[in-house]
Structure formats: structure tokens, C-alpha cells
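Presented below is the structure to which this report refers.
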Amino acid sequence: MRRTSWIRSALGTAARSGGQRTGFAGSSSSFLVGAAAAVGVALGAILYYDEQNQVVYAVQKDGTVKRYFLGVDGGGSKTNVTCIDEEKKVVGEGTSGCTNFNSVGQEKASQHLREAILSALKAAGVPEDQVAGICLSMSGVDRPADKQLMRSWITPILPKARIDVHNDAVAALVSGTDGNLFGLVVISGTGTITYGVNKEGETTRAAGWGPMLGDRGSGYQIGYEILTAVVRALDGRGPATSLVEAGEELIPWAYSSVAWERYAQLAPLAAIAARNGDKVAEQILEGQAQDLVVSIQAVAKRLHIENQPFPLVLAGGNFTHEGSYLTALLKKKVNQQLPQVTVLLPTLKPEYAAALLARNNATAKH
């Protein structure tokens, strides 16, 4: 009996606060008649659905409407979204394609972002207007104009959410430092960037300017150098390499599309060849790793922490897969050239780390 009374009370609260929007205008009893058969218990709350089976409210037992938070990790190849509740529990996830508009254009990037967000909310059973905050950690987003563009895409989808937009390095850093926003992160995925935050909250970056300007240490650049090594070997202009086993098929493949992520897909070939003793592949990866060390040193110096201990997080697909050749190579170089640095790998998914930042920002007292 008490449960029925609580449900009626909660439904009445929901009807008074939003019945017009959902089409359930009128008294709490009429709202109950229309929705009682569709009441479900999930995620520690009672979910209320409209006649189109869309979630209208997720009401807690104290009568308050639950709030949710989204974290977005927008990389050069794919975009992942995580939805968490106020207790930091993951309640839904979504994924879509590349959201770097420098790579795929604004129309396709915004479409992918919307798809990933709505997919996560659908999986969570959460309506858009119960999202209190979203943190976007996006590849290729650095300038104020870029961040404003992201906000213009998000506001129509999540009208009530606080929107925080960062370069994808921010969530990557936090994913390896257990939420502590201090230290450096090097990302090597399709692209690359080195980003740092000192204890005073000052930030700076190096690299990450895109392949047209020499994104050394990135999957794209490794793939590009593989292709260059292959054609040089085929011509007799360069040393022999096992990388030519891919054959001349790589040439039409390379010109069929110049999308950055396609070139980055070749990067694992260099690690495979290097493990098998291929000197050309070893030189490719040695050069890329040393360029990453130079970026680390530059960022540390600009933050005035070059002589202090600090954490260095290695994030991105070229580092985080098991047995990464590039990870082992960079760790060795860092230990030799920056012995005060502690090298870490992510312990949290970057999209989850971004969701934690969204929650912290949306619930902080200002």
C-alpha cells in the first residue's frame, strides 16, 4: 500500500512539473491511468514512459528527478559516449564515427556526435532533459571558435545541460591519474598531442597540429612513413624492408581515400615488422618515439616542471593495446632522458573520465 501511495505521489509530482510537455496534462490520477502499465524499475529509480515508449522521468524515492552526466571521447577514428548517474555508476554507453570536423567535415562530425549521444541515452533509458552536464573531450578542438561550434551542436540536443568542451587530452590525462588534473599526457592514436597541467592550473600543449603540419608520433605519421619506406624500397631508393610484403597494392589503396584514419590503420604493421627485426620499421618507430620525448620536454619546460616529478600518461590506441612496441620504446627513452617522470597507462576509459568531469563541474558550487 505504501509503495502504491509513493508511486501515485511521484507521478503527481512528475505530472505537475512536466505533464504538458509529455502530453499527460491534468491530474495525477489521469497521468497514472495513462502510464501505470508502463512503469519500470531500473537504475535505482522509477522510470515513467509516454505512449511512444519514451522515458519521460526517472524519479527517485524522495520525489526528486534523477540527474545524469555524459562524457564524450571524440577521437580521429570513433566517438564513445558514457552516461553516468549521480553515484558515478555507468548506466549507458554509445558509439559512432569520427567527430573531428577537420578530418570528416562539420556535417558528418555533428551527425556522428548526435548519434553517439542519443545511443548512450537510449541504452540508459534517460531522457535528454535529465542530463545535467556533458563534458566533451574532442580531437581537433582547441580554439574558442571550435568550442563554440561544439556547444552549438549540443544545445539543441541537451537544452538543460551544462556543456564543457576540451581537447581530448584533458580526459586522457584524468583517465590515468585517477581524476587528478596534474601532469602530462601524450596521446598517440590517429593523431597526436602532448598536453600538460601544472599545480597552479596552467596548461600548455605541443604537437597535435594535424598531418599536414607533421603530426610526428601519430598513427597517421607512422602509416605515412610505412608507405614511404615501401615505395622507396620498391624503387631501389631506400633499404630493403619486409614492409614491402604488402606489395604494390598499397599504392592504389593509399590514393583511394586520403582520410587520416585509414593511414593510421597501417601503424601496427611497423610494430610487427620491428619485432621481427626489420631495421627500417625499427628506425620509423625510434624516430617517432624520440619526437614524442621532445614534445614532452617542451611542455614540461613551459609549465616550469621540467625538474620536478610528475605523472606522464600514455593514451591512445598506439600505446594502450597489449604488448605495444611504441609504449615500451617510449618508456625506455623517458626513463633515460626524464628519470623523474612516472609513466602511467590509463586506468579509466576516457569517456568515463570525461563523464566524471561533467558531474564534478555540474555539481560544484560556484
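Chain labels A, B, ... are given in the sequence in which chains occur in the C-alpha cells; within each chain residues are numbered consecutively from 1, and ligands are likewise numbered from 1 in the order shown.
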Near stretch 235-259 of chain A, 12 Å: stretch 65-166 of chain A residue rows, closest pairs, only C-alpha atoms, as a Markdown table:
| residue | atom | partner | partner_atom | distance |
| --- | --- | --- | --- | --- |
| A:Gly76 | CA | A:Ala259 | CA | 9.9 |
| A:Ser77 | CA | A:Ala259 | CA | 9.9 |
| A:Cys98 | CA | A:Ala259 | CA | 10.7 |
| A:Asn100 | CA | A:Ala259 | CA | 11.4 |
| A:Phe101 | CA | A:Ala259 | CA | 11.8 |
| A:Asn102 | CA | A:Ala259 | CA | 10.5 |
| A:Ser103 | CA | A:Ala259 | CA | 6.9 |
| A:Val104 | CA | A:Ala259 | CA | 7.8 |
| A:Gly105 | CA | A:Ala259 | CA | 11.1 |
For N, CA and C atoms, I'd like the residues from the last selection saved as a PDB file, in the first residue's frame.
ATOM      1  N   GLY A  76      39.904  10.613 -33.588  1.00  0.00           N
ATOM      2  CA  GLY A  76      40.011  10.733 -35.033  1.00  0.00           C
ATOM      3  C   GLY A  76      39.405   9.575 -35.782  1.00  0.00           C
ATOM      4  N   SER A  77      39.110   8.471 -35.086  1.00  0.00           N
ATOM      5  CA  SER A  77      38.545   7.302 -35.749  1.00  0.00           C
ATOM      6  C   SER A  77      37.122   7.006 -35.302  1.00  0.00           C
ATOM      7  N   CYS A  98      33.894   9.133 -36.515  1.00  0.00           N
ATOM      8  CA  CYS A  98      34.801  10.248 -36.246  1.00  0.00           C
ATOM      9  C   CYS A  98      34.035  11.564 -36.059  1.00  0.00           C
ATOM     10  N   ASN A 100      35.993  14.484 -35.512  1.00  0.00           N
ATOM     11  CA  ASN A 100      36.985  15.532 -35.785  1.00  0.00           C
ATOM     12  C   ASN A 100      36.595  16.199 -37.100  1.00  0.00           C
ATOM     13  N   PHE A 101      36.010  17.387 -37.003  1.00  0.00           N
ATOM     14  CA  PHE A 101      35.481  18.039 -38.205  1.00  0.00           C
ATOM     15  C   PHE A 101      36.586  18.470 -39.159  1.00  0.00           C
ATOM     16  N   ASN A 102      37.819  18.558 -38.649  1.00  0.00           N
ATOM     17  CA  ASN A 102      38.939  18.853 -39.540  1.00  0.00           C
ATOM     18  C   ASN A 102      39.204  17.698 -40.497  1.00  0.00           C
ATOM     19  N   SER A 103      38.771  16.503 -40.091  1.00  0.00           N
ATOM     20  CA  SER A 103      39.009  15.304 -40.885  1.00  0.00           C
ATOM     21  C   SER A 103      37.822  14.951 -41.770  1.00  0.00           C
ATOM     22  N   VAL A 104      36.591  14.983 -41.186  1.00  0.00           N
ATOM     23  CA  VAL A 104      35.423  14.491 -41.930  1.00  0.00           C
ATOM     24  C   VAL A 104      34.427  15.583 -42.295  1.00  0.00           C
ATOM     25  N   GLY A 105      34.681  16.824 -41.874  1.00  0.00           N
ATOM     26  CA  GLY A 105      33.749  17.910 -42.168  1.00  0.00           C
ATOM     27  C   GLY A 105      32.729  18.084 -41.056  1.00  0.00           C
TER      28      GLY A 105
END
Exercise. Which residues come within 6 Å of stretch 113-128 of chain A, counting only C-alpha atoms, excluding same-chain residues fewer than 5 positions away, as a PyMOL selection string?
Worked result: chain A and resi 55+91-96+158
Problem set entry | Selection: 10 Å around stretch 167-176 of chain A, only C-alpha atoms, excl. self and same-chain fewer than 5 positions, as a VMD selection string | chain A and resid 71 to 75 135 to 143 146 to 147 181 to 187 192 to 197 205 311 to 316 343 to 357
For this session: Would you list the contacts of A:Arg151 as a list in words, taking every protein, DNA or RNA residue within 10 Å and counting only C-alpha atoms, but skipping same-chain residues closer than 6 positions in sequence?
Result: Leu136, Ala145, Leu158, Arg162, Ile163, Asp164 and Val165 of chain A
Once you have the residues from the selection above, write them out as an mmCIF file, in the first residue's frame, restricted to C-alpha atoms.
data_model
loop_
_atom_site.group_PDB
_atom_site.id
_atom_site.type_symbol
_atom_site.label_atom_id
_atom_site.label_comp_id
_atom_site.auth_asym_id
_atom_site.auth_seq_id
_atom_site.Cartn_x
_atom_site.Cartn_y
_atom_site.Cartn_z
ATOM 1 C CA LEU A 136 33.204 16.764 -24.493
ATOM 2 C CA ALA A 145 35.607 29.141 -32.061
ATOM 3 C CA LEU A 158 20.618 18.705 -24.337
ATOM 4 C CA ARG A 162 25.987 22.394 -18.568
ATOM 5 C CA ILE A 163 28.375 21.995 -21.528
ATOM 6 C CA ASP A 164 32.142 21.759 -21.040
ATOM 7 C CA VAL A 165 34.358 21.386 -24.103
#
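Residue neighbourhood of A:Ile222, excluding near-sequence residues (fewer than 6 positions): Arg216, Tyr263, Ala264, Leu266, Ala267, Pro268, Ala270, Ile284, Leu285 and Gln288 of chain A, at 9 Å, using only C-alpha atoms.
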Just to be explicit: take each residue in the selection above, keep N, CA, C and O atoms, and write the result as a short mmCIF file (atom, residue, chain, number, x, y, z; two decimals), in the first residue's frame.
data_model
loop_
_atom_site.label_atom_id
_atom_site.label_comp_id
_atom_site.auth_asym_id
_atom_site.auth_seq_id
_atom_site.Cartn_x
_atom_site.Cartn_y
_atom_site.Cartn_z
N ARG A 216 54.10 14.15 -35.99
CA ARG A 216 55.02 13.05 -35.72
C ARG A 216 54.71 12.39 -34.38
O ARG A 216 54.46 13.06 -33.39
N TYR A 263 45.23 5.86 -43.03
CA TYR A 263 46.69 5.76 -42.94
C TYR A 263 47.10 5.24 -41.56
O TYR A 263 48.04 4.44 -41.43
N ALA A 264 46.40 5.70 -40.52
CA ALA A 264 46.73 5.27 -39.16
C ALA A 264 46.52 3.77 -38.96
O ALA A 264 47.17 3.16 -38.11
N LEU A 266 47.55 1.50 -40.68
CA LEU A 266 48.76 0.77 -41.06
C LEU A 266 49.78 0.71 -39.93
O LEU A 266 50.71 -0.10 -39.99
N ALA A 267 49.65 1.55 -38.91
CA ALA A 267 50.67 1.68 -37.87
C ALA A 267 51.07 0.34 -37.23
O ALA A 267 52.27 0.11 -37.00
N PRO A 268 50.14 -0.57 -36.93
CA PRO A 268 50.55 -1.85 -36.32
C PRO A 268 51.53 -2.65 -37.17
O PRO A 268 52.29 -3.47 -36.63
N ALA A 270 54.19 -1.61 -38.58
CA ALA A 270 55.55 -1.24 -38.21
C ALA A 270 55.99 -1.98 -36.95
O ALA A 270 57.14 -2.46 -36.86
N ILE A 284 61.72 3.72 -38.07
CA ILE A 284 60.48 4.51 -38.11
C ILE A 284 59.98 4.77 -36.69
O ILE A 284 59.69 5.92 -36.30
N LEU A 285 59.88 3.71 -35.90
CA LEU A 285 59.32 3.85 -34.55
C LEU A 285 60.28 4.56 -33.61
O LEU A 285 59.85 5.32 -32.73
N GLN A 288 59.81 8.25 -34.30
CA GLN A 288 58.53 8.75 -33.78
C GLN A 288 58.58 8.89 -32.26
O GLN A 288 58.10 9.88 -31.70
#
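Note that atom CA of A:Thr99 and atom CA of A:Leu330 are 28.0 Å apart.
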For this session: Write out as JSON, numbers by chain which residues come within 12 Å of A:Glu286 when counting only C-alpha atoms, dropping same-chain ones fewer than 3 positions away.
Result: {"A": [216, 217, 222, 270, 271, 274, 279, 280, 281, 282, 283, 289, 290, 291, 292, 293, 325, 326, 327, 328, 329, 330, 331, 332, 333]}
Exercise. Got a sec to tell me which of stretch 76-307 of chain A DSSP assigns to helix (DSSP H, G or I), as a PyMOL selection string?
Worked result: chain A and resi 101-104+106-124+128-130+144-154+169-176+211-213+219-235+242-256+260-264+267-275+279-302
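Between atom CA of A:Gly277 and atom CA of A:Trp260 the separation is 27.5 Å.
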For this session: Write out as a VMD selection string the residues lying within 8 Å of A:Gln130, counting only C-alpha atoms and excluding same-chain residues fewer than 4 positions away.
Result: chain A and resid 57 65 to 68 126 160
For this session: Determine which residues of stretch 29-261 of chain A receive a DSSP assignment of strand (DSSP E or B), computed from the backbone, and state them as a PyMOL selection string.
Result: chain A and resi 40-42+45-49+55-59+65+68-74+78-85+90-97+131-138+162-167+183-188+192-197+203-206
